[in-house]
Amino acid sequence: MIEVKEADVGYYQSYVGKKCTIEMCHWNDGICDAYVIGQDKDFVFYFSVEKKCKKVGALAKQYMQRITLEEDTGEMPEDMDFYMNPSRYFFRNRLVNVYLNERHFFSGIFGKETEILGAFLGDMNEEYITILPGQQIALQEIAKIETRV
């Protein structure tokens, strides 16, 4: 188990191709039993299969708290090689689920919306994403982006 520190931002390359569980800080959901498939300066990308549903996602490094290697059965999921080393632009023009940073339990219930589900991600750059029909969300607010593949 590795505690994630701010100084470790370039550290994740050693996890690429390995099955991991990543825990997030605050009330953000991480991932379990997913394969790390790449990284950029802001995100760690993953591939997971849950009940025959394949997903590719991005976790914001700034909200990652702990990464744990899981026991690997030696069988990598089918088609995973196709998704290796994606960029953040992989999510453009796709239906995505966007999960915003949840600082407190009650802010997710009574505060602003913290999940944007089944949205069409039109554009993404170094500062924000655009959910059509034109809602912009700052990258610093995003904890996770996920899409089915």
# chains A, B, ... in the order shown; residues from 1 in each chain; ligands from 1
>>> residues_around(residues="Glu115 in chain A", least_positions_apart="3", cutoff="8 Å", atoms="only C-alpha atoms", output="list of chain:residue names")
A:Asn97, A:Val98, A:Tyr99, A:Leu100
>>> write_last_selection(atoms="C-alpha atoms", output="mmCIF file, in the first residue's frame")
data_model
loop_
_atom_site.group_PDB
_atom_site.id
_atom_site.type_symbol
_atom_site.label_atom_id
_atom_site.label_comp_id
_atom_site.auth_asym_id
_atom_site.auth_seq_id
_atom_site.Cartn_x
_atom_site.Cartn_y
_atom_site.Cartn_z
ATOM 1 C CA ASN A 97 -20.291 10.355 -15.919
ATOM 2 C CA VAL A 98 -18.534 13.233 -14.157
ATOM 3 C CA TYR A 99 -18.091 13.138 -10.396
ATOM 4 C CA LEU A 100 -17.193 16.399 -8.699
#
>>> select_by_dssp(residues="range 6-120 of chain A", states="helix (DSSP H, G or I)", output="ChimeraX atom specification")
/A:6-8,11-15,61-63,80-83,88-91,105-110
>>> write_last_selection(atoms="N, CA and C atoms", output="compact mmCIF listing (two decimals), in the first residue's frame")
# COMPACT_ATOMS: atom_id res chain seq x y z
N GLU A 6 1.80 14.65 -2.59
CA GLU A 6 1.87 15.59 -3.70
C GLU A 6 3.16 15.42 -4.49
N ALA A 7 4.25 15.07 -3.82
CA ALA A 7 5.54 14.92 -4.50
C ALA A 7 5.55 13.72 -5.44
N ASP A 8 4.55 12.85 -5.34
CA ASP A 8 4.53 11.61 -6.12
C ASP A 8 3.78 11.75 -7.46
N TYR A 11 4.79 9.54 -10.23
CA TYR A 11 5.05 8.20 -9.72
C TYR A 11 4.22 7.11 -10.36
N TYR A 12 3.08 7.42 -10.89
CA TYR A 12 2.09 6.42 -11.27
C TYR A 12 2.46 5.58 -12.48
N GLN A 13 3.47 5.97 -13.24
CA GLN A 13 3.84 5.19 -14.42
C GLN A 13 4.21 3.76 -14.04
N SER A 14 4.73 3.56 -12.86
CA SER A 14 5.11 2.19 -12.44
C SER A 14 3.88 1.30 -12.20
N TYR A 15 2.69 1.88 -12.15
CA TYR A 15 1.46 1.11 -11.95
C TYR A 15 0.76 0.76 -13.26
N LYS A 61 -5.53 13.30 -9.81
CA LYS A 61 -4.41 13.03 -8.90
C LYS A 61 -4.51 13.83 -7.61
N GLN A 62 -5.04 15.03 -7.69
CA GLN A 62 -5.10 15.88 -6.51
C GLN A 62 -6.01 15.32 -5.41
N TYR A 63 -6.91 14.41 -5.77
CA TYR A 63 -7.81 13.83 -4.77
C TYR A 63 -7.48 12.39 -4.41
N MET A 80 -8.09 -4.69 -23.47
CA MET A 80 -7.48 -3.66 -22.65
C MET A 80 -6.32 -2.99 -23.37
N ASP A 81 -5.56 -3.74 -24.14
CA ASP A 81 -4.42 -3.16 -24.87
C ASP A 81 -4.85 -2.01 -25.77
N PHE A 82 -6.06 -2.09 -26.31
CA PHE A 82 -6.57 -1.05 -27.19
C PHE A 82 -6.66 0.29 -26.47
N TYR A 83 -6.90 0.27 -25.16
CA TYR A 83 -7.12 1.50 -24.40
C TYR A 83 -5.88 1.98 -23.64
N ARG A 88 -6.42 12.67 -21.93
CA ARG A 88 -7.68 13.22 -21.42
C ARG A 88 -8.68 13.45 -22.56
N TYR A 89 -8.17 13.59 -23.78
CA TYR A 89 -9.03 13.86 -24.93
C TYR A 89 -9.79 12.62 -25.40
N PHE A 90 -9.45 11.47 -24.83
CA PHE A 90 -10.19 10.23 -25.10
C PHE A 90 -11.68 10.41 -24.80
N PHE A 91 -12.02 11.24 -23.82
CA PHE A 91 -13.39 11.39 -23.35
C PHE A 91 -14.22 12.35 -24.19
N PHE A 105 -20.03 14.89 3.57
CA PHE A 105 -21.16 14.00 3.31
C PHE A 105 -22.41 14.77 2.96
N PHE A 106 -22.77 15.77 3.76
CA PHE A 106 -24.03 16.48 3.57
C PHE A 106 -24.00 17.40 2.36
N SER A 107 -22.82 17.81 1.89
CA SER A 107 -22.78 18.67 0.71
C SER A 107 -23.25 17.90 -0.52
N GLY A 108 -23.09 16.58 -0.51
CA GLY A 108 -23.57 15.77 -1.62
C GLY A 108 -25.08 15.61 -1.61
N ILE A 109 -25.69 15.80 -0.44
CA ILE A 109 -27.14 15.66 -0.32
C ILE A 109 -27.84 17.01 -0.46
N PHE A 110 -27.33 18.03 0.25
CA PHE A 110 -28.01 19.32 0.30
C PHE A 110 -27.33 20.41 -0.52
>>> select_by_dssp(residues="range 15-104 of chain A", states="strand (DSSP E)", output="number ranges by chain")
A: 19-24, 31-39, 43-50, 53-60, 64-69, 94-100
>>> write_last_selection(atoms="C-alpha atoms", output="short mmCIF file (atom, residue, chain, number, x, y, z; two decimals), in the first residue's frame")
data_model
loop_
_atom_site.label_atom_id
_atom_site.label_comp_id
_atom_site.auth_asym_id
_atom_site.auth_seq_id
_atom_site.Cartn_x
_atom_site.Cartn_y
_atom_site.Cartn_z
CA LYS A 19 -4.46 -4.16 -11.12
CA CYS A 20 -5.00 -1.62 -8.33
CA THR A 21 -7.43 -0.15 -5.86
CA ILE A 22 -7.24 3.61 -5.55
CA GLU A 23 -8.83 5.43 -2.64
CA MET A 24 -9.77 9.07 -2.88
CA ILE A 31 -11.87 2.42 -7.91
CA CYS A 32 -11.42 -1.24 -6.96
CA ASP A 33 -9.75 -3.97 -9.00
CA ALA A 34 -9.09 -1.75 -12.02
CA TYR A 35 -6.04 -1.62 -14.26
CA VAL A 36 -4.04 1.58 -14.44
CA ILE A 37 -3.59 2.32 -18.15
CA GLY A 38 -1.82 5.68 -18.17
CA GLN A 39 -1.47 9.14 -16.71
CA PHE A 43 -5.20 12.36 -14.09
CA VAL A 44 -4.49 8.65 -13.67
CA PHE A 45 -6.44 6.66 -16.28
CA TYR A 46 -7.93 3.22 -15.59
CA PHE A 47 -9.73 0.34 -17.27
CA SER A 48 -12.23 -1.77 -15.35
CA VAL A 49 -14.75 -4.50 -16.01
CA GLU A 50 -17.80 -4.70 -13.77
CA CYS A 53 -19.43 -3.68 -18.55
CA LYS A 54 -16.09 -2.21 -19.64
CA LYS A 55 -15.21 1.28 -18.46
CA VAL A 56 -12.38 3.71 -19.00
CA GLY A 57 -11.99 6.46 -16.45
CA ALA A 58 -9.78 9.21 -15.14
CA LEU A 59 -9.11 9.93 -11.47
CA ALA A 60 -7.85 13.37 -10.48
CA MET A 64 -6.03 10.47 -4.70
CA GLN A 65 -5.16 9.29 -1.21
CA ARG A 66 -3.92 5.71 -1.42
CA ILE A 67 -3.05 3.19 -4.13
CA THR A 68 -2.86 -0.54 -3.44
CA LEU A 69 -1.69 -3.25 -5.81
CA ARG A 94 -18.55 10.56 -25.55
CA LEU A 95 -21.28 10.04 -23.00
CA VAL A 96 -19.59 10.30 -19.61
CA ASN A 97 -20.29 10.36 -15.92
CA VAL A 98 -18.53 13.23 -14.16
CA TYR A 99 -18.09 13.14 -10.40
CA LEU A 100 -17.19 16.40 -8.70
#
>>> atom_distance(atom1="CA of Gly134 in chain A", atom2="CA of Gly122 in chain A")
8.3 Å
>>> closest_residue(among="A:Arg92, A:Glu102, A:Ile145, A:Thr114", to="Leu132 in chain A", atoms="only C-alpha atoms")
A:Arg92
>>> residues_around(residues="Glu141 in chain A", least_positions_apart="2", cutoff="6 Å", atoms="only C-alpha atoms", output="list in words")
Leu100, Asn101, Ala138 and Leu139 of chain A
>>> decode(residues="range 38-50 of chain A", atoms="N, CA and C atoms", output="PDB file, in the first residue's frame")
ATOM      1  N   GLY A  38      -2.593   4.510 -17.766  1.00  0.00           N
ATOM      2  CA  GLY A  38      -1.819   5.682 -18.167  1.00  0.00           C
ATOM      3  C   GLY A  38      -2.015   6.832 -17.205  1.00  0.00           C
ATOM      4  N   GLN A  39      -1.373   7.939 -17.530  1.00  0.00           N
ATOM      5  CA  GLN A  39      -1.472   9.139 -16.710  1.00  0.00           C
ATOM      6  C   GLN A  39      -1.107  10.358 -17.538  1.00  0.00           C
ATOM      7  N   ASP A  40      -1.524  11.513 -17.049  1.00  0.00           N
ATOM      8  CA  ASP A  40      -1.013  12.785 -17.544  1.00  0.00           C
ATOM      9  C   ASP A  40      -0.752  13.644 -16.318  1.00  0.00           C
ATOM     10  N   LYS A  41      -0.577  14.927 -16.480  1.00  0.00           N
ATOM     11  CA  LYS A  41      -0.206  15.740 -15.320  1.00  0.00           C
ATOM     12  C   LYS A  41      -1.314  15.860 -14.281  1.00  0.00           C
ATOM     13  N   ASP A  42      -2.570  15.682 -14.687  1.00  0.00           N
ATOM     14  CA  ASP A  42      -3.691  15.842 -13.762  1.00  0.00           C
ATOM     15  C   ASP A  42      -4.424  14.555 -13.395  1.00  0.00           C
ATOM     16  N   PHE A  43      -4.365  13.549 -14.270  1.00  0.00           N
ATOM     17  CA  PHE A  43      -5.196  12.360 -14.090  1.00  0.00           C
ATOM     18  C   PHE A  43      -4.405  11.064 -14.180  1.00  0.00           C
ATOM     19  N   VAL A  44      -4.919  10.037 -13.481  1.00  0.00           N
ATOM     20  CA  VAL A  44      -4.495   8.651 -13.668  1.00  0.00           C
ATOM     21  C   VAL A  44      -5.668   7.965 -14.362  1.00  0.00           C
ATOM     22  N   PHE A  45      -5.394   7.311 -15.485  1.00  0.00           N
ATOM     23  CA  PHE A  45      -6.437   6.661 -16.275  1.00  0.00           C
ATOM     24  C   PHE A  45      -6.518   5.184 -15.918  1.00  0.00           C
ATOM     25  N   TYR A  46      -7.726   4.629 -15.964  1.00  0.00           N
ATOM     26  CA  TYR A  46      -7.925   3.224 -15.591  1.00  0.00           C
ATOM     27  C   TYR A  46      -8.904   2.538 -16.517  1.00  0.00           C
ATOM     28  N   PHE A  47      -8.830   1.218 -16.510  1.00  0.00           N
ATOM     29  CA  PHE A  47      -9.729   0.343 -17.269  1.00  0.00           C
ATOM     30  C   PHE A  47     -10.302  -0.643 -16.271  1.00  0.00           C
ATOM     31  N   SER A  48     -11.620  -0.807 -16.272  1.00  0.00           N
ATOM     32  CA  SER A  48     -12.234  -1.767 -15.354  1.00  0.00           C
ATOM     33  C   SER A  48     -13.349  -2.524 -16.052  1.00  0.00           C
ATOM     34  N   VAL A  49     -13.636  -3.695 -15.528  1.00  0.00           N
ATOM     35  CA  VAL A  49     -14.749  -4.501 -16.013  1.00  0.00           C
ATOM     36  C   VAL A  49     -15.601  -4.842 -14.801  1.00  0.00           C
ATOM     37  N   GLU A  50     -16.855  -4.405 -14.840  1.00  0.00           N
ATOM     38  CA  GLU A  50     -17.801  -4.701 -13.771  1.00  0.00           C
ATOM     39  C   GLU A  50     -19.038  -5.317 -14.401  1.00  0.00           C
TER      40      GLU A  50
END
